[in-house]
Protein chains: 2
Amino acid sequence: MRELKYAILGLVNRSPRTGYDITKAFTESIGNFWEAKHSQIYPELHRLASGGLIEYEIEIQGEKLEKKVYSITDKGRNELLNWLLTDEPLPPVPKDSFRLRLYFSENLSTLAVSELINGQLAKRRRRLEHLKEELHAMEDSGEPPVLFTPEFYEYLLIMGGIFREQAYINWINEVKRLTKCEETKS
Amino acid sequence: MRELKYAILGLVNRSPRTGYDITKAFTESIGNFWEAKHSQIYPELHRLASGGLIEYEIEIQGEKLEKKVYSITDKGRNELLNWLLTDEPLPPVPKDSFRLRLYFSENLSTLAVSELINGQLAKRRRRLEHLKEELHAMEDSGEPPVLFTPEFYEYLLIMGGIFREQAYINWINEVKRLTKCEETKS
DNA sequence: TTCTGCATGTAACCAGTTACATGATTGC
DNA sequence: GCAATCATGTAACTGGTTACATGCAGAA
């Protein structure tokens, strides 16, 4: 628990950045397995700063726009490393509302079920395509990522998203196959 | 949103049951994609009952133990069907703290990274084995589930869990392969 | 000058967890 | 008699979302 804390520590550990930068990061690569809105991030930054895990300098953009550029402290880096080394039990399975609907589909007509399934399939395919584009963008931009660098781990995590979404799609296809075996059996 | 509501409606729609029964269901098959504790379920049952979506009769167990057996009303069944037919955008990606740790593993030694990875792999394998046992238990107990029955959908959902966990394991194995390519390249 | 993006915050609410609290039943 | 399990609830808290609220900077 308290994992947003470590997500933020990990980001400001890579380089000093503003709350806005951090918010953006959660919509980019890291957003493939952790999301957070600015309304959660700003209060957390205040907590981390008052706990001495990060600190900030005010930078002026243009004439008078103030931005707070946060960087990690030794104490913060310590807590981050500590958390990275802790071994925790598997978290509960992710809640999944498509699965919940399918589970109760005994109440639907076969047509409605197939619409439910095909709708989900289309959305999952779109998500998969986005991830593949991200991966290809990384592969096209110069050398393959050097082992154990941030870019390397980013690459692995995008790959992880692709595996996850591909498996979801494979499962849905299997579901389609099984729900249609009366049609195809004849 | 408000999805616990529909999970409960779906269950009491299958057959009348107590809060305790519902709680148990969330630790069994449905627990592979939705979890809830009794402390969340009882208040929700009160809300659903006062909204007229379910109703209960008090049954006496033994001498004086009262249990409330809830059943669905027409209004409740209607809302359930309605929800089953609604099409919603994909929910945000599930939060995943192993992925978060791996993402920031640039701060770990290669040994620590491999411990992190192997620890996760072992836990995922155990979860996968449980799911496979559930599936085999279903397959062994008599006929294959009849299409479009609750048992059929339960079967599909356990299969879905297996696909999900298997993909996670496949990804971790790929990560292992990539993080060891210096060793194996020579 | 107008629109998009940069930048920071708070308040109210909702979902979910942990802990507290109690008591009956059944099988050994 | 004791332990496991059946049975139902509440309170305090944490994490996260939605909505409210404001204002500057840079580019067209």
# chains A, B, ... in the order shown; residues from 1 in each chain; ligands from 1
>>> closest_atom_pairs(of="chain B", to="chain D", cutoff="12 Å", atoms="only C-alpha atoms (C1' of nucleotides)", output="JSON lines")
{"residue": "B:Met1", "atom": "CA", "partner": "D:DT17", "partner_atom": "C1'", "distance": 10.8}
{"residue": "B:Thr18", "atom": "CA", "partner": "D:DA7", "partner_atom": "C1'", "distance": 8.9}
{"residue": "B:Gly19", "atom": "CA", "partner": "D:DT8", "partner_atom": "C1'", "distance": 8.2}
{"residue": "B:Tyr20", "atom": "CA", "partner": "D:DA7", "partner_atom": "C1'", "distance": 6.6}
{"residue": "B:Asp21", "atom": "CA", "partner": "D:DC6", "partner_atom": "C1'", "distance": 9.7}
{"residue": "B:Ile22", "atom": "CA", "partner": "D:DA7", "partner_atom": "C1'", "distance": 11.9}
{"residue": "B:Thr23", "atom": "CA", "partner": "D:DA7", "partner_atom": "C1'", "distance": 11.0}
{"residue": "B:Lys24", "atom": "CA", "partner": "D:DC6", "partner_atom": "C1'", "distance": 11.1}
{"residue": "B:His38", "atom": "CA", "partner": "D:DT8", "partner_atom": "C1'", "distance": 9.1}
{"residue": "B:Ser39", "atom": "CA", "partner": "D:DG9", "partner_atom": "C1'", "distance": 8.1}
{"residue": "B:Gln40", "atom": "CA", "partner": "D:DG9", "partner_atom": "C1'", "distance": 10.7}
{"residue": "B:Ile41", "atom": "CA", "partner": "D:DG9", "partner_atom": "C1'", "distance": 10.6}
{"residue": "B:Tyr42", "atom": "CA", "partner": "D:DG9", "partner_atom": "C1'", "distance": 7.5}
{"residue": "B:Pro43", "atom": "CA", "partner": "D:DG9", "partner_atom": "C1'", "distance": 8.7}
{"residue": "B:Leu45", "atom": "CA", "partner": "D:DT8", "partner_atom": "C1'", "distance": 11.6}
{"residue": "B:His46", "atom": "CA", "partner": "D:DG9", "partner_atom": "C1'", "distance": 11.0}
{"residue": "B:Glu59", "atom": "CA", "partner": "D:DA7", "partner_atom": "C1'", "distance": 11.5}
{"residue": "B:Ile60", "atom": "CA", "partner": "D:DA7", "partner_atom": "C1'", "distance": 11.0}
{"residue": "B:Gln61", "atom": "CA", "partner": "D:DC6", "partner_atom": "C1'", "distance": 9.5}
{"residue": "B:Gly62", "atom": "CA", "partner": "D:DC6", "partner_atom": "C1'", "distance": 11.2}
{"residue": "B:Lys64", "atom": "CA", "partner": "D:DA7", "partner_atom": "C1'", "distance": 11.3}
{"residue": "B:Leu65", "atom": "CA", "partner": "D:DA7", "partner_atom": "C1'", "distance": 7.6}
{"residue": "B:Glu66", "atom": "CA", "partner": "D:DA7", "partner_atom": "C1'", "distance": 7.7}
{"residue": "B:Lys67", "atom": "CA", "partner": "D:DA7", "partner_atom": "C1'", "distance": 6.6}
{"residue": "B:Lys68", "atom": "CA", "partner": "D:DT8", "partner_atom": "C1'", "distance": 9.1}
{"residue": "B:Val69", "atom": "CA", "partner": "D:DA7", "partner_atom": "C1'", "distance": 11.3}
{"residue": "B:Pro92", "atom": "CA", "partner": "D:DT17", "partner_atom": "C1'", "distance": 11.9}
{"residue": "B:Lys95", "atom": "CA", "partner": "D:DG16", "partner_atom": "C1'", "distance": 11.7}
>>> closest_atom_pairs(of="chain A", to="chain B", cutoff="6 Å", atoms="only C-alpha atoms", output="JSON lines")
{"residue": "A:Phe33", "atom": "CA", "partner": "B:Lys95", "partner_atom": "CA", "distance": 5.1}
{"residue": "A:Trp34", "atom": "CA", "partner": "B:Lys95", "partner_atom": "CA", "distance": 4.8}
{"residue": "A:Leu84", "atom": "CA", "partner": "B:Arg101", "partner_atom": "CA", "distance": 5.7}
{"residue": "A:Val93", "atom": "CA", "partner": "B:Phe33", "partner_atom": "CA", "distance": 5.9}
{"residue": "A:Pro94", "atom": "CA", "partner": "B:Pro94", "partner_atom": "CA", "distance": 5.9}
{"residue": "A:Lys95", "atom": "CA", "partner": "B:Trp34", "partner_atom": "CA", "distance": 4.8}
{"residue": "A:Asp96", "atom": "CA", "partner": "B:Phe33", "partner_atom": "CA", "distance": 5.7}
{"residue": "A:Arg101", "atom": "CA", "partner": "B:Leu84", "partner_atom": "CA", "distance": 5.7}
{"residue": "A:Tyr103", "atom": "CA", "partner": "B:Tyr153", "partner_atom": "CA", "distance": 5.2}
{"residue": "A:Glu106", "atom": "CA", "partner": "B:Phe148", "partner_atom": "CA", "distance": 5.5}
{"residue": "A:Phe148", "atom": "CA", "partner": "B:Glu106", "partner_atom": "CA", "distance": 5.5}
{"residue": "A:Thr149", "atom": "CA", "partner": "B:Glu106", "partner_atom": "CA", "distance": 5.5}
{"residue": "A:Pro150", "atom": "CA", "partner": "B:Glu106", "partner_atom": "CA", "distance": 5.8}
{"residue": "A:Tyr153", "atom": "CA", "partner": "B:Tyr103", "partner_atom": "CA", "distance": 5.3}
{"residue": "A:Gly160", "atom": "CA", "partner": "B:Trp171", "partner_atom": "CA", "distance": 5.9}
{"residue": "A:Phe163", "atom": "CA", "partner": "B:Ala167", "partner_atom": "CA", "distance": 6.0}
{"residue": "A:Ala167", "atom": "CA", "partner": "B:Ala167", "partner_atom": "CA", "distance": 5.9}
{"residue": "A:Trp171", "atom": "CA", "partner": "B:Gly160", "partner_atom": "CA", "distance": 5.9}
>>> interface_residues(of="chain C", to="chain A", cutoff="10 Å", atoms="only C-alpha atoms (C1' of nucleotides)", output="list in words")
DC6, DA7, DT8, DG9 and DT10 of chain C
>>> write_last_selection(atoms="all heavy atoms", output="short mmCIF file (atom, residue, chain, number, x, y, z; two decimals), in the first residue's frame")
data_model
loop_
_atom_site.label_atom_id
_atom_site.label_comp_id
_atom_site.auth_asym_id
_atom_site.auth_seq_id
_atom_site.Cartn_x
_atom_site.Cartn_y
_atom_site.Cartn_z
P DC C 6 1.74 20.93 -22.47
OP1 DC C 6 3.05 20.50 -23.01
OP2 DC C 6 0.79 19.93 -21.97
"O5'" DC C 6 2.02 22.00 -21.31
"C5'" DC C 6 2.82 23.13 -21.62
"C4'" DC C 6 2.83 24.07 -20.43
"O4'" DC C 6 1.49 24.60 -20.25
"C3'" DC C 6 3.20 23.41 -19.11
"O3'" DC C 6 4.20 24.18 -18.47
"C2'" DC C 6 1.90 23.35 -18.32
"C1'" DC C 6 1.18 24.59 -18.87
N1 DC C 6 -0.31 24.55 -18.77
C2 DC C 6 -0.96 25.57 -18.08
O2 DC C 6 -0.29 26.46 -17.54
N3 DC C 6 -2.31 25.54 -17.99
C4 DC C 6 -3.00 24.57 -18.58
N4 DC C 6 -4.34 24.59 -18.48
C5 DC C 6 -2.35 23.52 -19.31
C6 DC C 6 -1.01 23.55 -19.38
P DA C 7 5.04 23.58 -17.32
OP1 DA C 7 6.19 24.49 -17.14
OP2 DA C 7 5.26 22.15 -17.55
"O5'" DA C 7 4.04 23.72 -16.08
"C5'" DA C 7 3.94 24.97 -15.43
"C4'" DA C 7 2.81 24.98 -14.43
"O4'" DA C 7 1.52 25.04 -15.09
"C3'" DA C 7 2.63 23.76 -13.53
"O3'" DA C 7 3.47 23.88 -12.38
"C2'" DA C 7 1.16 23.86 -13.14
"C1'" DA C 7 0.59 24.93 -14.05
N9 DA C 7 -0.73 24.56 -14.56
C8 DA C 7 -1.06 23.58 -15.46
N7 DA C 7 -2.36 23.47 -15.68
C5 DA C 7 -2.91 24.43 -14.86
C6 DA C 7 -4.24 24.83 -14.60
N6 DA C 7 -5.30 24.27 -15.18
N1 DA C 7 -4.44 25.84 -13.71
C2 DA C 7 -3.40 26.40 -13.12
N3 DA C 7 -2.09 26.12 -13.27
C4 DA C 7 -1.92 25.11 -14.16
P DT C 8 3.26 22.85 -11.17
OP1 DT C 8 4.41 23.10 -10.28
OP2 DT C 8 2.96 21.50 -11.68
"O5'" DT C 8 1.95 23.39 -10.44
"C5'" DT C 8 1.95 24.70 -9.89
"C4'" DT C 8 0.70 24.92 -9.09
"O4'" DT C 8 -0.45 24.83 -9.97
"C3'" DT C 8 0.47 23.86 -8.01
"O3'" DT C 8 0.49 24.46 -6.72
"C2'" DT C 8 -0.90 23.26 -8.34
"C1'" DT C 8 -1.52 24.32 -9.24
N1 DT C 8 -2.52 23.75 -10.18
C2 DT C 8 -3.81 24.22 -10.12
O2 DT C 8 -4.16 25.10 -9.36
N3 DT C 8 -4.68 23.60 -10.96
C4 DT C 8 -4.41 22.59 -11.87
O4 DT C 8 -5.28 22.12 -12.58
C5 DT C 8 -3.02 22.16 -11.90
C7 DT C 8 -2.61 21.08 -12.85
C6 DT C 8 -2.15 22.74 -11.07
P DG C 9 0.73 23.58 -5.44
OP1 DG C 9 1.15 24.50 -4.38
OP2 DG C 9 1.52 22.40 -5.77
"O5'" DG C 9 -0.78 23.10 -5.17
"C5'" DG C 9 -1.47 23.97 -4.38
"C4'" DG C 9 -2.92 24.02 -4.74
"O4'" DG C 9 -3.26 23.63 -6.08
"C3'" DG C 9 -3.80 23.05 -3.96
"O3'" DG C 9 -3.84 23.41 -2.61
"C2'" DG C 9 -5.13 23.34 -4.66
"C1'" DG C 9 -4.68 23.67 -6.10
N9 DG C 9 -5.20 22.74 -7.09
C8 DG C 9 -4.55 21.83 -7.90
N7 DG C 9 -5.34 21.20 -8.72
C5 DG C 9 -6.61 21.70 -8.44
C6 DG C 9 -7.88 21.40 -9.01
O6 DG C 9 -8.15 20.59 -9.89
N1 DG C 9 -8.90 22.15 -8.43
C2 DG C 9 -8.73 23.09 -7.43
N2 DG C 9 -9.81 23.70 -7.00
N3 DG C 9 -7.56 23.39 -6.91
C4 DG C 9 -6.54 22.67 -7.44
P DT C 10 -4.58 22.52 -1.58
OP1 DT C 10 -4.25 23.08 -0.25
OP2 DT C 10 -4.33 21.09 -1.90
"O5'" DT C 10 -6.12 22.79 -1.91
"C5'" DT C 10 -6.66 24.11 -1.87
"C4'" DT C 10 -8.17 23.96 -1.97
"O4'" DT C 10 -8.50 23.35 -3.25
"C3'" DT C 10 -8.75 23.04 -0.89
"O3'" DT C 10 -9.92 23.67 -0.40
"C2'" DT C 10 -9.01 21.73 -1.62
"C1'" DT C 10 -9.29 22.19 -3.04
N1 DT C 10 -8.93 21.23 -4.13
C2 DT C 10 -9.89 20.84 -5.01
O2 DT C 10 -11.05 21.23 -4.95
N3 DT C 10 -9.48 19.97 -5.99
C4 DT C 10 -8.21 19.46 -6.17
O4 DT C 10 -7.96 18.69 -7.10
C5 DT C 10 -7.23 19.90 -5.20
C7 DT C 10 -5.83 19.40 -5.30
C6 DT C 10 -7.63 20.75 -4.23
#
>>> atom_distance(atom1="atom CA of Glu79 of chain A", atom2="atom CA of Lys176 of chain B")
26.2 Å
>>> select_by_dssp(residues="segment 17-134 of chain A", states="alpha helix (DSSP H)", output="PyMOL selection string")
chain A and resi 19-25+38-50+74-85+97-103+110-134
>>> atom_distance(atom1="atom CA of Gly52 of chain A", atom2="atom CA of Ser15 of chain A")
17.0 Å
>>> select_by_dssp(residues="chain A", states="strand (DSSP E or B)", output="JSON list (two decimals) with C-alpha atoms, in the first residue's frame")
[["chain", "number", "residue", "atom", "x", "y", "z"],
["A", 17, "ARG", "CA", 10.13, 17.47, -12.16],
["A", 54, "ILE", "CA", 11.29, 15.25, -1.63],
["A", 55, "GLU", "CA", 11.98, 19.00, -1.78],
["A", 56, "TYR", "CA", 11.25, 21.70, -4.30],
["A", 57, "GLU", "CA", 12.57, 24.85, -5.85],
["A", 58, "ILE", "CA", 10.36, 27.43, -7.43],
["A", 59, "GLU", "CA", 11.16, 28.20, -11.03],
["A", 60, "ILE", "CA", 9.65, 31.09, -12.96],
["A", 61, "GLN", "CA", 8.28, 30.37, -16.41],
["A", 65, "LEU", "CA", 4.16, 31.63, -13.74],
["A", 66, "GLU", "CA", 5.58, 29.76, -10.78],
["A", 67, "LYS", "CA", 6.33, 26.08, -10.98],
["A", 68, "LYS", "CA", 7.55, 23.85, -8.21],
["A", 69, "VAL", "CA", 10.31, 21.58, -9.37],
["A", 70, "TYR", "CA", 10.56, 18.63, -7.00],
["A", 71, "SER", "CA", 13.66, 16.54, -6.44],
["A", 72, "ILE", "CA", 14.26, 13.54, -4.25]]
